[in-house]
Amino acid sequence: MCHASNSLCTGALQTVLIVVILLERRRRTLAQRALKDSFLQVQDLAGRLITAQEAERTRIAGELHDDVVQEVAGLSITIGRLAKRTAPGAGEDMQPVLTQLQQRTIGVAEKIRHLSHDLHPGVLQHAGLVAALTSHCAEYQRQQVIDVILHADGDFESVSPEAALCLYRVTQEALRNVFTHANARTAVVRLARTDSHAELTVADDGKGFDRGVVRRGVSGLGLLSINERIRLAGGTVDILSEPHTGTTIKVRIPLDEDKAGTISALSGSERASG
């Protein structure tokens, strides 16, 4: 009788343990599924944010170019006419002031024009990727006093607007990081094409950083933006850096539209505005 009772108790305990294990496994499965769903939602949100960002950039660039720049240019012309109409005797003190004011107005118009170009690279649509990168690198070098060298190898005339925009934005972000963080003297941009992929490398001779910081996710918005754009394009990103040795960012994206992920979402608004 005791033996049967002990067997019954043991069987009941085993059943309870099995039930507990099964419930724990189900709880973990549900938790992992919820975590995966949350991760996918975050990725989808990131893609939507980048798409919205491009649309807003296009809108602001259009307003700057079509409205603000024209108004400032008109103001500069008016100041110039006013300076010419100033009486020779009474305007001796005013002439230098008006001249300086006109020069400052011209400078403001130029800065707004550059801002409009950064927000919405019209040359990318009309002249192609290589021409847009050449213009951007030259302008960046002039503004930031950093030597920027561009090497382009391969045919990029047939690259889709979506892929071209992705590569342009990644270069833009990478060079901005060079100026903001690297304290570099030179940056080298290399663009190459294989049959099915485009490869972009941006390297600098700056102070570099600890790659472990990037692996732990403690990185700036520029690197996050680059990673997200390349993920949406179905590509890969490699960041090579050590303290005092400079930084190299290598990206590779497929040019086959069937393999390019959701990259088309990144430039639909810009393409529509062109």
# chains A, B, ... in the order shown; residues from 1 in each chain; ligands from 1

$ select_by_dssp --residues "range 152-225 of chain A" --states "helix (DSSP H, G or I)" --output "PyMOL selection string"
chain A and resi 161-182+211-215+221-225

$ write_last_selection --atoms "C-alpha atoms" --output "CSV table (one decimal), in the first residue's frame"
chain,number,residue,atom,x,y,z
A,161,PRO,CA,17.3,56.2,-58.6
A,162,GLU,CA,16.7,54.3,-55.4
A,163,ALA,CA,20.2,52.8,-55.3
A,164,ALA,CA,21.8,56.1,-56.3
A,165,LEU,CA,20.0,58.0,-53.5
A,166,CYS,CA,21.0,55.3,-51.0
A,167,LEU,CA,24.7,55.6,-52.0
A,168,TYR,CA,24.6,59.4,-52.0
A,169,ARG,CA,23.0,59.6,-48.6
A,170,VAL,CA,25.5,57.1,-47.1
A,171,THR,CA,28.4,59.2,-48.5
A,172,GLN,CA,26.8,62.3,-47.1
A,173,GLU,CA,26.4,60.9,-43.7
A,174,ALA,CA,29.9,59.3,-43.7
A,175,LEU,CA,31.6,62.6,-44.6
A,176,ARG,CA,29.5,64.5,-42.0
A,177,ASN,CA,30.8,62.0,-39.4
A,178,VAL,CA,34.4,62.6,-40.6
A,179,PHE,CA,34.0,66.4,-40.1
A,180,THR,CA,32.1,66.1,-36.8
A,181,HIS,CA,34.1,63.3,-35.1
A,182,ALA,CA,37.3,62.3,-36.9
A,211,ARG,CA,34.7,49.5,-32.5
A,212,GLY,CA,33.3,47.9,-29.3
A,213,VAL,CA,31.3,51.1,-28.8
A,214,VAL,CA,29.5,50.5,-32.1
A,215,ARG,CA,29.0,46.8,-31.3
A,221,LEU,CA,22.8,59.0,-35.4
A,222,GLY,CA,24.9,59.1,-38.5
A,223,LEU,CA,26.1,55.5,-38.2
A,224,LEU,CA,22.6,54.4,-37.2
A,225,SER,CA,21.2,56.1,-40.3

$ closest_residue --among "A:Val202, A:Ile146, A:Ile79, A:Ile239" --to "Pro96 in chain A" --atoms "only C-alpha atoms"
A:Ile79

$ closest_residue --among "A:Ile21, A:Leu150, A:Val237, A:Ala132" --to "Ala192 in chain A" --atoms "only C-alpha atoms"
A:Leu150

$ residues_around --residues "Leu82 in chain A" --least-positions-apart "6" --cutoff "10 Å" --atoms "only C-alpha atoms" --output "MDAnalysis selection string"
chainID A and resid 76 95 98:99

$ closest_residue --among "A:Glu110, A:Asp153, A:Glu242, A:Glu228" --to "Asp204 in chain A" --atoms "only C-alpha atoms"
A:Glu242

$ closest_residue --among "A:Ser196, A:Thr236, A:Gln70, A:Thr186" --to "Val108 in chain A" --atoms "only C-alpha atoms"
A:Gln70
